[in-house]
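J.: The structure file upload.pdb (PDB, C-alpha atoms) is provided below.
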```
ATOM      1  CA  MET A 372      14.006 -20.621   2.524
ATOM      2  CA  THR A 373      11.151 -19.116   0.538
ATOM      3  CA  GLN A 374      10.891 -17.230  -2.726
ATOM      4  CA  ALA A 375      10.219 -13.508  -2.930
ATOM      5  CA  VAL A 376      10.175 -10.701  -5.474
ATOM      6  CA  VAL A 377      13.038  -8.438  -4.361
ATOM      7  CA  ILE A 378      13.737  -4.888  -5.537
ATOM      8  CA  ASP A 379      17.334  -3.693  -5.160
ATOM      9  CA  LYS A 380      19.044  -0.437  -6.041
ATOM     10  CA  THR A 381      22.686   0.499  -6.424
ATOM     11  CA  GLU A 382      23.309   4.187  -7.142
ATOM     12  CA  ASP A 383      20.770   4.939  -9.916
ATOM     13  CA  GLN A 384      20.255   1.368 -11.151
ATOM     14  CA  GLN A 385      17.213  -0.593  -9.934
ATOM     15  CA  THR A 386      16.992  -4.375 -10.332
ATOM     16  CA  VAL A 387      14.097  -6.699  -9.603
ATOM     17  CA  THR A 388      14.549 -10.451  -9.186
ATOM     18  CA  LEU A 389      12.714 -13.498  -7.902
ATOM     19  CA  ARG A 390      15.027 -15.099  -5.394
ATOM     20  CA  ASP A 391      15.250 -17.160  -2.229
ATOM     21  CA  VAL A 392      15.082 -15.409   1.132
ATOM     22  CA  SER A 393      15.270 -16.920   4.591
ATOM     23  CA  ALA A 394      13.270 -16.133   7.709
ATOM     24  CA  ALA A 395      16.404 -14.436   9.038
ATOM     25  CA  ASP A 396      16.291 -11.999   6.090
ATOM     26  CA  LEU A 397      12.796 -10.798   6.980
ATOM     27  CA  PRO A 398      12.445  -7.440   8.765
ATOM     28  CA  GLU A 399      11.410  -7.024  12.375
ATOM     29  CA  GLY A 400       7.870  -7.722  13.524
ATOM     30  CA  ASP A 401       5.976  -9.635  16.172
ATOM     31  CA  VAL A 402       3.971 -11.856  13.813
ATOM     32  CA  LEU A 403       5.356 -14.229  11.161
ATOM     33  CA  VAL A 404       2.803 -15.102   8.479
ATOM     34  CA  ASP A 405       2.876 -17.823   5.828
ATOM     35  CA  VAL A 406       1.414 -15.975   2.840
ATOM     36  CA  ALA A 407      -1.377 -17.848   1.058
ATOM     37  CA  TYR A 408      -2.290 -15.159  -1.488
ATOM     38  CA  SER A 409      -1.046 -11.709  -2.388
ATOM     39  CA  THR A 410      -1.873  -9.409  -5.304
ATOM     40  CA  LEU A 411      -0.358  -7.090  -7.878
ATOM     41  CA  ASN A 412      -1.644  -3.539  -7.412
ATOM     42  CA  TYR A 413      -0.986  -0.230  -9.162
ATOM     43  CA  LYS A 414       1.409   0.835  -6.396
ATOM     44  CA  ASP A 415       3.271  -2.495  -6.676
ATOM     45  CA  ALA A 416       3.636  -1.951 -10.418
ATOM     46  CA  LEU A 417       5.081   1.519  -9.776
ATOM     47  CA  ALA A 418       7.559   0.022  -7.318
ATOM     48  CA  ILE A 419       8.620  -2.884  -9.541
ATOM     49  CA  THR A 420       9.082  -0.767 -12.672
ATOM     50  CA  GLY A 421      10.644   2.156 -10.819
ATOM     51  CA  ALA A 422       8.177   4.448 -12.604
ATOM     52  CA  SER A 423       7.635   6.346  -9.350
ATOM     53  CA  PRO A 424       9.768   6.516  -6.189
ATOM     54  CA  VAL A 425       7.345   4.400  -4.184
ATOM     55  CA  VAL A 426      10.007   2.328  -2.419
ATOM     56  CA  ARG A 427      11.576   4.103   0.554
ATOM     57  CA  SER A 428      14.414   1.668   1.352
ATOM     58  CA  PHE A 429      16.253  -1.178  -0.333
ATOM     59  CA  PRO A 430      16.180  -4.103  -0.647
ATOM     60  CA  MET A 431      12.379  -4.221  -0.683
ATOM     61  CA  VAL A 432       9.789  -6.934  -1.236
ATOM     62  CA  PRO A 433       6.719  -5.349  -2.888
ATOM     63  CA  GLY A 434       3.147  -6.412  -2.273
ATOM     64  CA  ILE A 435       0.906  -3.970  -0.411
ATOM     65  CA  ASP A 436      -1.467  -6.678   0.801
ATOM     66  CA  PHE A 437      -1.653 -10.361   1.622
ATOM     67  CA  ALA A 438      -3.757 -13.021   3.323
ATOM     68  CA  GLY A 439      -2.216 -15.929   5.154
ATOM     69  CA  VAL A 440      -1.805 -18.030   8.269
ATOM     70  CA  VAL A 441       0.131 -17.083  11.400
ATOM     71  CA  ARG A 442       3.235 -19.262  11.828
ATOM     72  CA  ASP A 443       4.644 -17.518  14.899
ATOM     73  CA  SER A 444       3.411 -14.672  17.084
ATOM     74  CA  SER A 445       4.310 -12.724  20.202
ATOM     75  CA  HIS A 446       1.393 -10.325  19.649
ATOM     76  CA  ALA A 447      -1.483 -10.573  22.114
ATOM     77  CA  ASP A 448      -4.189 -10.559  19.431
ATOM     78  CA  PHE A 449      -2.876 -13.395  17.254
ATOM     79  CA  LYS A 450      -1.826 -16.994  17.782
ATOM     80  CA  VAL A 451      -0.344 -19.710  15.593
ATOM     81  CA  GLY A 452      -2.869 -20.898  13.004
ATOM     82  CA  ASP A 453      -4.928 -17.695  12.883
ATOM     83  CA  LYS A 454      -5.995 -16.564   9.420
ATOM     84  CA  VAL A 455      -5.155 -12.910   8.849
ATOM     85  CA  ILE A 456      -5.287 -10.092   6.284
ATOM     86  CA  LEU A 457      -3.003  -7.100   5.799
ATOM     87  CA  ASN A 458      -3.604  -3.995   3.671
ATOM     88  CA  GLY A 459      -1.342  -0.946   3.507
ATOM     89  CA  TRP A 460       0.588   0.422   6.519
ATOM     90  CA  GLY A 461       3.538   1.123   4.204
ATOM     91  CA  VAL A 462       4.078  -2.575   3.523
ATOM     92  CA  GLY A 463       5.755  -2.989   0.140
ATOM     93  CA  GLU A 464       7.091   0.580   0.430
ATOM     94  CA  LYS A 465       8.855   0.908   3.796
ATOM     95  CA  HIS A 466       8.472  -2.641   5.108
ATOM     96  CA  TRP A 467       8.761  -5.925   3.190
ATOM     97  CA  GLY A 468       5.447  -6.923   1.666
ATOM     98  CA  GLY A 469       3.347  -9.834   0.535
ATOM     99  CA  LEU A 470       4.956 -10.980  -2.722
ATOM    100  CA  SER A 471       6.888 -13.547  -0.728
ATOM    101  CA  GLY A 472       6.281 -16.952   0.822
ATOM    102  CA  GLN A 473       6.485 -15.412   4.288
ATOM    103  CA  ALA A 474       6.046 -11.966   5.802
ATOM    104  CA  ARG A 475       7.058 -10.716   9.247
ATOM    105  CA  VAL A 476       5.006  -7.691  10.299
ATOM    106  CA  SER A 477       3.552  -5.852  13.262
ATOM    107  CA  GLY A 478       0.428  -7.527  14.572
ATOM    108  CA  ASP A 479      -1.102  -4.057  14.890
ATOM    109  CA  TRP A 480      -1.331  -4.016  11.088
ATOM    110  CA  LEU A 481      -3.296  -7.263  10.813
ATOM    111  CA  ILE A 482      -7.005  -7.996  10.985
ATOM    112  CA  PRO A 483      -8.630 -11.406  11.296
ATOM    113  CA  GLN A 484      -9.840 -12.976   8.068
ATOM    114  CA  PRO A 485     -13.652 -12.701   8.293
ATOM    115  CA  ALA A 486     -15.753 -15.818   8.699
ATOM    116  CA  GLY A 487     -17.283 -16.832   5.397
ATOM    117  CA  MET A 488     -14.385 -15.482   3.322
ATOM    118  CA  THR A 489     -11.434 -17.453   1.954
ATOM    119  CA  ALA A 490      -7.909 -16.067   1.661
ATOM    120  CA  ARG A 491      -8.280 -16.057  -2.114
ATOM    121  CA  GLN A 492     -11.533 -14.110  -1.913
ATOM    122  CA  ALA A 493      -9.919 -11.681   0.516
ATOM    123  CA  MET A 494      -7.201 -10.976  -2.041
ATOM    124  CA  VAL A 495      -9.516 -10.794  -5.048
ATOM    125  CA  ILE A 496     -11.085  -8.013  -2.996
ATOM    126  CA  GLY A 497      -7.658  -6.913  -1.742
ATOM    127  CA  THR A 498      -6.616  -3.346  -1.056
ATOM    128  CA  ALA A 499      -8.504  -2.169  -4.156
ATOM    129  CA  GLY A 500     -11.786  -3.704  -3.034
ATOM    130  CA  TYR A 501     -11.338  -2.667   0.580
ATOM    131  CA  THR A 502     -10.682   0.891  -0.663
ATOM    132  CA  ALA A 503     -13.816   0.689  -2.805
ATOM    133  CA  MET A 504     -15.806  -0.282   0.286
ATOM    134  CA  LEU A 505     -14.358   2.668   2.208
ATOM    135  CA  CYS A 506     -15.541   4.898  -0.667
ATOM    136  CA  VAL A 507     -19.056   3.449  -0.538
ATOM    137  CA  LEU A 508     -19.129   3.965   3.243
ATOM    138  CA  ALA A 509     -18.051   7.593   2.716
ATOM    139  CA  LEU A 510     -20.948   8.165   0.298
ATOM    140  CA  GLU A 511     -23.380   6.613   2.767
ATOM    141  CA  GLU A 512     -22.004   8.731   5.631
ATOM    142  CA  HIS A 513     -22.770  11.821   3.532
ATOM    143  CA  GLY A 514     -26.367  10.765   2.957
ATOM    144  CA  VAL A 515     -26.120   9.426  -0.596
ATOM    145  CA  THR A 516     -28.753   6.741  -1.228
ATOM    146  CA  PRO A 517     -30.043   4.952  -4.359
ATOM    147  CA  ASP A 518     -32.896   7.469  -4.426
ATOM    148  CA  SER A 519     -30.410  10.358  -4.603
ATOM    149  CA  GLY A 520     -29.493   9.624  -8.219
ATOM    150  CA  GLU A 521     -26.816   8.039 -10.381
ATOM    151  CA  ILE A 522     -23.286   7.385  -9.114
ATOM    152  CA  VAL A 523     -20.288   7.792 -11.429
ATOM    153  CA  VAL A 524     -17.257   5.515 -11.020
ATOM    154  CA  THR A 525     -14.038   6.479 -12.796
ATOM    155  CA  GLY A 526     -11.453   3.894 -13.807
ATOM    156  CA  ALA A 527     -14.283   1.418 -13.575
ATOM    157  CA  ALA A 528     -12.474  -1.483 -15.258
ATOM    158  CA  GLY A 529      -9.645  -1.336 -12.712
ATOM    159  CA  GLY A 530      -9.494  -2.966  -9.306
ATOM    160  CA  VAL A 531     -11.143  -0.238  -7.217
ATOM    161  CA  GLY A 532     -13.640   0.594  -9.947
ATOM    162  CA  SER A 533     -14.687  -3.000 -10.570
ATOM    163  CA  VAL A 534     -15.463  -3.681  -6.915
ATOM    164  CA  ALA A 535     -17.090  -0.263  -6.428
ATOM    165  CA  THR A 536     -19.376  -0.958  -9.392
ATOM    166  CA  MET A 537     -20.336  -4.349  -7.974
ATOM    167  CA  LEU A 538     -20.955  -2.956  -4.485
ATOM    168  CA  LEU A 539     -23.016  -0.001  -5.619
ATOM    169  CA  ALA A 540     -25.107  -2.036  -8.065
ATOM    170  CA  ALA A 541     -25.784  -4.633  -5.357
ATOM    171  CA  LYS A 542     -27.142  -1.863  -3.097
ATOM    172  CA  GLY A 543     -29.529  -0.670  -5.820
ATOM    173  CA  PHE A 544     -27.565   2.307  -7.180
ATOM    174  CA  GLN A 545     -27.538   3.219 -10.852
ATOM    175  CA  VAL A 546     -23.849   3.225 -11.818
ATOM    176  CA  ALA A 547     -22.280   5.191 -14.668
ATOM    177  CA  ALA A 548     -18.963   3.450 -15.337
ATOM    178  CA  VAL A 549     -16.139   5.503 -16.857
ATOM    179  CA  THR A 550     -13.479   3.744 -18.931
ATOM    180  CA  GLY A 551     -10.997   4.563 -21.657
ATOM    181  CA  ARG A 552     -11.474   1.124 -23.184
ATOM    182  CA  ALA A 553     -14.690   0.686 -25.154
ATOM    183  CA  SER A 554     -14.025  -3.056 -25.270
ATOM    184  CA  GLU A 555     -14.751  -3.245 -21.520
ATOM    185  CA  ALA A 556     -18.406  -2.213 -21.847
ATOM    186  CA  ASP A 557     -19.814  -5.745 -21.632
ATOM    187  CA  TYR A 558     -17.553  -6.551 -18.681
ATOM    188  CA  LEU A 559     -18.704  -3.450 -16.794
ATOM    189  CA  LYS A 560     -22.370  -4.123 -17.509
ATOM    190  CA  SER A 561     -21.884  -7.675 -16.214
ATOM    191  CA  LEU A 562     -20.725  -6.115 -12.917
ATOM    192  CA  GLY A 563     -23.909  -4.049 -12.718
ATOM    193  CA  ALA A 564     -23.108  -0.794 -14.527
ATOM    194  CA  SER A 565     -26.222   0.803 -15.994
ATOM    195  CA  SER A 566     -24.356   3.055 -18.439
ATOM    196  CA  ILE A 567     -20.850   3.444 -19.879
ATOM    197  CA  ILE A 568     -19.058   6.780 -20.252
ATOM    198  CA  ASP A 569     -15.993   7.266 -22.430
ATOM    199  CA  ARG A 570     -13.144   8.712 -20.376
ATOM    200  CA  GLU A 571     -12.586  11.337 -23.084
ATOM    201  CA  GLU A 572     -15.879  12.907 -22.035
ATOM    202  CA  LEU A 573     -14.256  13.839 -18.724
ATOM    203  CA  SER A 574     -10.816  14.707 -20.075
ATOM    204  CA  GLY A 575     -11.471  18.170 -21.500
ATOM    205  CA  LYS A 576     -10.760  21.489 -19.817
ATOM    206  CA  PRO A 577     -12.954  21.638 -16.698
ATOM    207  CA  ARG A 578     -15.581  24.323 -16.282
ATOM    208  CA  PRO A 579     -16.275  25.765 -12.812
ATOM    209  CA  LEU A 580     -19.788  24.319 -13.043
ATOM    210  CA  ALA A 581     -21.384  21.962 -15.544
ATOM    211  CA  LYS A 582     -24.811  20.380 -15.863
ATOM    212  CA  GLU A 583     -25.853  18.515 -12.717
ATOM    213  CA  ARG A 584     -25.584  14.782 -13.445
ATOM    214  CA  TRP A 585     -24.517  12.672 -10.487
ATOM    215  CA  ALA A 586     -25.453  12.325  -6.828
ATOM    216  CA  GLY A 587     -22.168  10.669  -5.911
ATOM    217  CA  ALA A 588     -18.874   9.538  -7.311
ATOM    218  CA  VAL A 589     -16.000   7.153  -6.660
ATOM    219  CA  ASP A 590     -12.879   8.600  -8.258
ATOM    220  CA  VAL A 591      -9.511   6.913  -8.760
ATOM    221  CA  ALA A 592      -8.196   9.386 -11.326
ATOM    222  CA  GLY A 593      -7.703  12.827  -9.813
ATOM    223  CA  SER A 594      -6.592  15.747 -12.000
ATOM    224  CA  VAL A 595      -8.824  16.851 -14.880
ATOM    225  CA  VAL A 596     -11.122  13.837 -14.615
ATOM    226  CA  LEU A 597     -11.900  14.554 -10.961
ATOM    227  CA  ALA A 598     -12.352  18.265 -11.713
ATOM    228  CA  ASN A 599     -14.943  17.463 -14.379
ATOM    229  CA  VAL A 600     -16.725  15.029 -12.058
ATOM    230  CA  ILE A 601     -16.924  17.651  -9.296
ATOM    231  CA  ALA A 602     -18.301  20.249 -11.734
ATOM    232  CA  SER A 603     -21.136  17.883 -12.699
ATOM    233  CA  MET A 604     -22.260  16.845  -9.218
ATOM    234  CA  LYS A 605     -25.847  17.405  -8.162
ATOM    235  CA  TYR A 606     -26.678  19.724  -5.306
ATOM    236  CA  GLY A 607     -25.492  18.151  -2.032
ATOM    237  CA  GLY A 608     -23.592  15.408  -3.840
ATOM    238  CA  CYS A 609     -20.477  13.680  -2.562
ATOM    239  CA  VAL A 610     -17.299  12.573  -4.314
ATOM    240  CA  ALA A 611     -15.176   9.877  -2.642
ATOM    241  CA  ALA A 612     -11.646  10.419  -3.997
ATOM    242  CA  CYS A 613      -9.069   7.678  -3.496
ATOM    243  CA  GLY A 614      -6.612   7.758  -6.402
ATOM    244  CA  LEU A 615      -4.381   9.776  -8.702
ATOM    245  CA  ALA A 616      -4.062   7.651 -11.842
ATOM    246  CA  ALA A 617      -4.525  10.762 -14.018
ATOM    247  CA  GLY A 618      -2.386  13.047 -11.840
ATOM    248  CA  MET A 619      -2.068  14.708  -8.440
ATOM    249  CA  ASP A 620      -3.291  18.147  -9.516
ATOM    250  CA  LEU A 621      -6.904  19.299  -9.236
ATOM    251  CA  PRO A 622      -7.761  22.143 -11.664
ATOM    252  CA  THR A 623     -11.126  23.135 -10.250
ATOM    253  CA  SER A 624     -12.750  26.070  -8.439
ATOM    254  CA  VAL A 625     -14.677  26.550  -5.214
ATOM    255  CA  ALA A 626     -17.931  26.981  -7.173
ATOM    256  CA  PRO A 627     -19.286  23.400  -6.777
ATOM    257  CA  PHE A 628     -18.580  23.479  -3.041
ATOM    258  CA  ILE A 629     -20.120  26.860  -2.191
ATOM    259  CA  LEU A 630     -22.921  26.973  -4.781
ATOM    260  CA  ARG A 631     -24.031  23.317  -4.778
ATOM    261  CA  GLY A 632     -22.841  22.145  -1.384
ATOM    262  CA  VAL A 633     -20.738  19.397  -2.929
ATOM    263  CA  THR A 634     -18.509  17.378  -0.585
ATOM    264  CA  LEU A 635     -15.094  16.076  -1.608
ATOM    265  CA  ALA A 636     -14.380  13.183   0.757
ATOM    266  CA  GLY A 637     -10.799  11.953   0.774
ATOM    267  CA  VAL A 638     -10.463   8.203   1.278
ATOM    268  CA  ASP A 639      -7.190   6.735   2.565
ATOM    269  CA  SER A 640      -6.807   2.977   2.892
ATOM    270  CA  VAL A 641      -3.154   2.846   3.970
ATOM    271  CA  MET A 642      -3.422   4.269   7.508
ATOM    272  CA  ALA A 643      -7.113   3.653   8.208
ATOM    273  CA  SER A 644      -7.888   2.453  11.729
ATOM    274  CA  LYS A 645      -8.332  -1.215  12.535
ATOM    275  CA  ALA A 646     -11.990  -0.521  13.375
ATOM    276  CA  LYS A 647     -12.584   0.949   9.897
ATOM    277  CA  ARG A 648     -10.840  -2.010   8.265
ATOM    278  CA  ILE A 649     -12.902  -4.570  10.135
ATOM    279  CA  ALA A 650     -16.110  -2.664   9.397
ATOM    280  CA  ALA A 651     -15.232  -2.535   5.690
ATOM    281  CA  TYR A 652     -14.507  -6.268   5.485
ATOM    282  CA  ASP A 653     -17.679  -7.100   7.420
ATOM    283  CA  ARG A 654     -19.657  -5.105   4.859
ATOM    284  CA  LEU A 655     -17.797  -6.760   1.988
ATOM    285  CA  VAL A 656     -18.857 -10.162   3.311
ATOM    286  CA  SER A 657     -22.484  -9.076   3.611
ATOM    287  CA  ASP A 658     -22.797  -6.882   0.498
ATOM    288  CA  LEU A 659     -20.780  -8.739  -2.136
ATOM    289  CA  ASP A 660     -21.825 -11.963  -3.791
ATOM    290  CA  LEU A 661     -18.461 -13.628  -3.168
ATOM    291  CA  SER A 662     -19.262 -16.327  -5.727
ATOM    292  CA  LYS A 663     -19.042 -13.647  -8.450
ATOM    293  CA  LEU A 664     -15.525 -12.499  -7.582
ATOM    294  CA  ASP A 665     -13.995 -14.787 -10.198
ATOM    295  CA  ALA A 666     -15.463 -12.464 -12.838
ATOM    296  CA  ILE A 667     -12.985  -9.740 -11.857
ATOM    297  CA  ALA A 668      -9.984 -11.945 -10.976
ATOM    298  CA  THR A 669      -6.949 -13.106 -12.933
ATOM    299  CA  GLU A 670      -4.421 -15.411 -11.277
ATOM    300  CA  LEU A 671      -0.736 -14.699 -11.798
ATOM    301  CA  ALA A 672       2.138 -16.897 -10.669
ATOM    302  CA  LEU A 673       4.757 -15.282  -8.440
ATOM    303  CA  GLU A 674       7.412 -15.841 -11.101
ATOM    304  CA  ASP A 675       5.342 -13.837 -13.630
ATOM    305  CA  VAL A 676       4.810 -10.745 -11.465
ATOM    306  CA  ILE A 677       7.895  -8.839 -12.627
ATOM    307  CA  GLU A 678       7.141  -9.024 -16.353
ATOM    308  CA  THR A 679       3.452  -8.209 -15.821
ATOM    309  CA  ALA A 680       3.995  -5.001 -13.827
ATOM    310  CA  PRO A 681       4.563  -2.747 -16.894
ATOM    311  CA  LYS A 682       1.271  -3.944 -18.415
ATOM    312  CA  PHE A 683      -0.515  -2.686 -15.310
ATOM    313  CA  LEU A 684       0.798   0.826 -15.852
ATOM    314  CA  SER A 685      -0.062   0.834 -19.556
ATOM    315  CA  GLY A 686      -3.722   0.086 -18.841
ATOM    316  CA  GLU A 687      -3.717  -3.468 -20.143
ATOM    317  CA  VAL A 688      -4.998  -4.994 -16.902
ATOM    318  CA  ARG A 689      -8.643  -5.565 -16.040
ATOM    319  CA  GLY A 690     -10.025  -6.093 -12.552
ATOM    320  CA  ARG A 691      -7.849  -7.728  -9.934
ATOM    321  CA  ILE A 692      -4.591  -9.691 -10.263
ATOM    322  CA  VAL A 693      -4.299 -12.356  -7.569
ATOM    323  CA  VAL A 694      -0.992 -14.072  -6.808
ATOM    324  CA  PRO A 695      -1.295 -17.565  -5.270
ATOM    325  CA  VAL A 696       1.861 -17.907  -3.173
ATOM    326  CA  ASN A 697       0.941 -20.866  -0.944
ATOM    327  CA  PRO A 698      -2.662 -21.569  -1.986
ATOM    328  CA  SER A 699      -2.722 -24.908  -0.128
ATOM    329  CA  LEU A 700      -2.956 -22.882   3.095
ATOM    330  CA  ASP A 701      -6.409 -21.669   2.065
ATOM    331  CA  ALA A 702      -8.296 -24.641   3.491
TER     332      ALA A 702
END
```
Show me this structure written as structure tokens.

T.:
Amino acid sequence: MTQAVVIDKTEDQQTVTLRDVSAADLPEGDVLVDVAYSTLNYKDALAITGASPVVRSFPMVPGIDFAGVVRDSSHADFKVGDKVILNGWGVGEKHWGGLSGQARVSGDWLIPQPAGMTARQAMVIGTAGYTAMLCVLALEEHGVTPDSGEIVVTGAAGGVGSVATMLLAAKGFQVAAVTGRASEADYLKSLGASSIIDREELSGKPRPLAKERWAGAVDVAGSVVLANVIASMKYGGCVAACGLAAGMDLPTSVAPFILRGVTLAGVDSVMASKAKRIAAYDRLVSDLDLSKLDAIATELALEDVIETAPKFLSGEVRGRIVVPVNPSLDA
């Protein structure tokens, strides 16, 4: 038996409990993993609170990512004792996720834990940090360099934004960090931000075109915030969009795209290929100072996940929330 956060639903009533589950309860898969660390992400908070219909079937164990050790495997790529990472693939939505002592999944969804990275570090980075790396790669693929100009990062105090700020600053970019919490200015500057922008500045009615300000952007917000970012891109700039915290709509025009040659690059972390995942984690190992990850991490016990989820949605959470499930495995 192992403990897991379990979401259940009967008619219109959702319940979430921490309870024992057995290996026999786990869904189908060809790899059984003892989970060392998982995390609490925005999508997990939506699932746990029921604020959005994220969960596709019940009962469901949330947790869109985890790092752990293979206990049993019939998959050709993994053997007992291998250290592995999982991000996305509908885990925590359609398939039981990582907020559990064990997870049984398809080996096709796993990647090896990179050399030089612990399970805890992998989850401080987590899906948010891996997504941030995909965004940085997208900017690089579109020719954005430190010489191109300043990069704006929205939702900078959150998980994606914190890691994106660290990554970009480490590569020599000037980073304008957007936040709705003035109290986070010192935190963001400690991550490498060169300037702080109040979110309200990007929350007004978007114009088709505004003054050229930024060479690139990492956006987690969508909606009006993203529209204002696009309107203020420099000629040939690129926006890597990966989130919808402010909404799914996009009230903009074609003007920035046809008059300034701006690129809007969509970044998806859930279904990205294994090759992209491995490339992103390899770059995270080389580009991030892993010793500084503690600055963006808060540890949360598995039994405290349920009551913390609403705080995530109300914007009270900074950086990354890491859940040590079986931390002794991280040797």

J.: Would you list the residues near (10.6, -15.4, 4.9) (no more than 9 Å away, in the coordinates of the file, using all atoms listed in the file) as JSON, numbers by chain?

T.: {"A": [372, 373, 374, 375, 391, 392, 393, 394, 395, 396, 397, 403, 404, 405, 471, 472, 473, 474, 475]}

J.: Could you list, with a cut-off of 9 Å and counting all atoms listed in the file, the residues of range 548-590 of chain A near range 509-531 of chain A, each shown with its nearest atom pair and the distance in Å rounded to one decimal, rows sorted by chain and ascending number, as CSV?

T.:
```
residue,atom,partner,partner_atom,distance
A:Ala548,CA,A:Val524,CA,5.1
A:Val549,CA,A:Thr525,CA,4.7
A:Thr550,CA,A:Gly526,CA,5.5
A:Gly551,CA,A:Gly526,CA,7.9
A:Arg552,CA,A:Ala528,CA,8.4
A:Glu555,CA,A:Ala528,CA,6.9
A:Ala556,CA,A:Ala528,CA,8.9
A:Tyr558,CA,A:Ala528,CA,7.9
A:Leu559,CA,A:Ala528,CA,6.7
A:Ile568,CA,A:Val523,CA,9.0
A:Arg570,CA,A:Thr525,CA,8.0
A:Arg584,CA,A:Glu521,CA,7.5
A:Trp585,CA,A:Glu521,CA,5.2
A:Ala586,CA,A:Gly520,CA,5.1
A:Gly587,CA,A:Ile522,CA,4.7
A:Ala588,CA,A:Val523,CA,4.7
A:Val589,CA,A:Val524,CA,4.8
A:Asp590,CA,A:Thr525,CA,5.1
```

J.: With distances taken over all atoms listed in the file, which of A:Val387, A:Glu464, A:Lys576, A:Lys645 is nearest to Pro622 in chain A?

T.: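 Checking each of A:Val387, A:Glu464, A:Lys576, A:Lys645 against Pro622 in chain A, counting all atoms listed in the file, the winner is A:Lys576.
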
J.: When you look at Leu700 in chain A with a cut-off of 10 Å (counting only C-alpha atoms), what residues show up, excluding the ones that are within fewer than 2 positions of it in the same chain? I need them as a ChimeraX atom specification.

T.: /A:405-408,438-440,454,490,696-698,702

J.: Could you expand the PyMOL selection byres ((chain A and resi 445) around 7) into the explicit residues it covers here, written as a list in words?

T.: Asp401, Val402, Ser444, His446 and Ala447 of chain A

J.: At what distance in Å, to one decimal, does CA of Leu615 in chain A lie from CA of Ser657 in chain A?

T.: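 So the answer is 28.9 Å.
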
J.: If you count all atoms listed in the file, which residues fall within 9 Å of range 671-683 of chain A, apart from same-chain ones fewer than 5 positions away, as a list in words?

T.: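 Listed by chain and then number, they are Gln374, Ala375, Val376, Val387, Thr388, Leu389, Thr410, Leu411, Asn412, Tyr413, Asp415, Ala416, Leu417, Ala418, Ile419, Thr420, Leu470, Ser471, Val688, Arg689, Ile692, Val693, Val694, Pro695 and Val696 of chain A.
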
J.: Just give me the gap between CA of Gly468 in chain A and CA of Ser409 in chain A in Å, one decimal is fine.

T.: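 Atom-to-atom, CA of Gly468 in chain A and CA of Ser409 in chain A are spaced 9.0 Å apart.
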
J.: Please write the residues picked by the PyMOL selection byres ((chain A and resi 460) around 12) on this file as a PyMOL selection string.

T.: chain A and resi 434-436+457-459+461-468+476-481+498+639-645+648

J.: Each residue of range 558-637 of chain A with at least one atom at most 7 Å from range 533-542 of chain A should appear once, together with its nearest atom pair and the corresponding distance in Å (one decimal); atoms considered: all atoms listed in the file; ordering: chain, then increasing residue number; output as a Markdown table.

T.:
```
| residue | atom | partner | partner_atom | distance |
| --- | --- | --- | --- | --- |
| A:Leu562 | CA | A:Met537 | CA | 5.3 |
| A:Gly563 | CA | A:Ala540 | CA | 5.2 |
| A:Ala564 | CA | A:Thr536 | CA | 6.4 |
```

J.: For the atom pair CA of Ala611 in chain A and CA of Gly497 in chain A, what is the interatomic distance in Å to one decimal place?

T.: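 Here the two named atoms are 18.4 Å from each other.
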
J.: Taking the file as shown, find all residues satisfying the PyMOL selection byres ((chain A and resi 620) around 12) and write them as a JSON list (two decimals) with C-alpha atoms, in the frame of the given file.

T.:
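And here is the file that came out, expr.json:
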```json
[["chain", "number", "residue", "atom", "x", "y", "z"],
["A", 592, "ALA", "CA", -8.20, 9.39, -11.33],
["A", 593, "GLY", "CA", -7.70, 12.83, -9.81],
["A", 594, "SER", "CA", -6.59, 15.75, -12.00],
["A", 595, "VAL", "CA", -8.82, 16.85, -14.88],
["A", 596, "VAL", "CA", -11.12, 13.84, -14.62],
["A", 597, "LEU", "CA", -11.90, 14.55, -10.96],
["A", 598, "ALA", "CA", -12.35, 18.26, -11.71],
["A", 614, "GLY", "CA", -6.61, 7.76, -6.40],
["A", 615, "LEU", "CA", -4.38, 9.78, -8.70],
["A", 616, "ALA", "CA", -4.06, 7.65, -11.84],
["A", 617, "ALA", "CA", -4.53, 10.76, -14.02],
["A", 618, "GLY", "CA", -2.39, 13.05, -11.84],
["A", 619, "MET", "CA", -2.07, 14.71, -8.44],
["A", 621, "LEU", "CA", -6.90, 19.30, -9.24],
["A", 622, "PRO", "CA", -7.76, 22.14, -11.66],
["A", 623, "THR", "CA", -11.13, 23.14, -10.25]]
```

J.: If we count all atoms listed in the file, what is near Gln492 in chain A at a cut-off of 9 Å, once residues fewer than 2 positions away on the same chain are taken out, given as an NGL selection string?

T.: :A and (488-490 or 494-497 or 661-662 or 664-665)
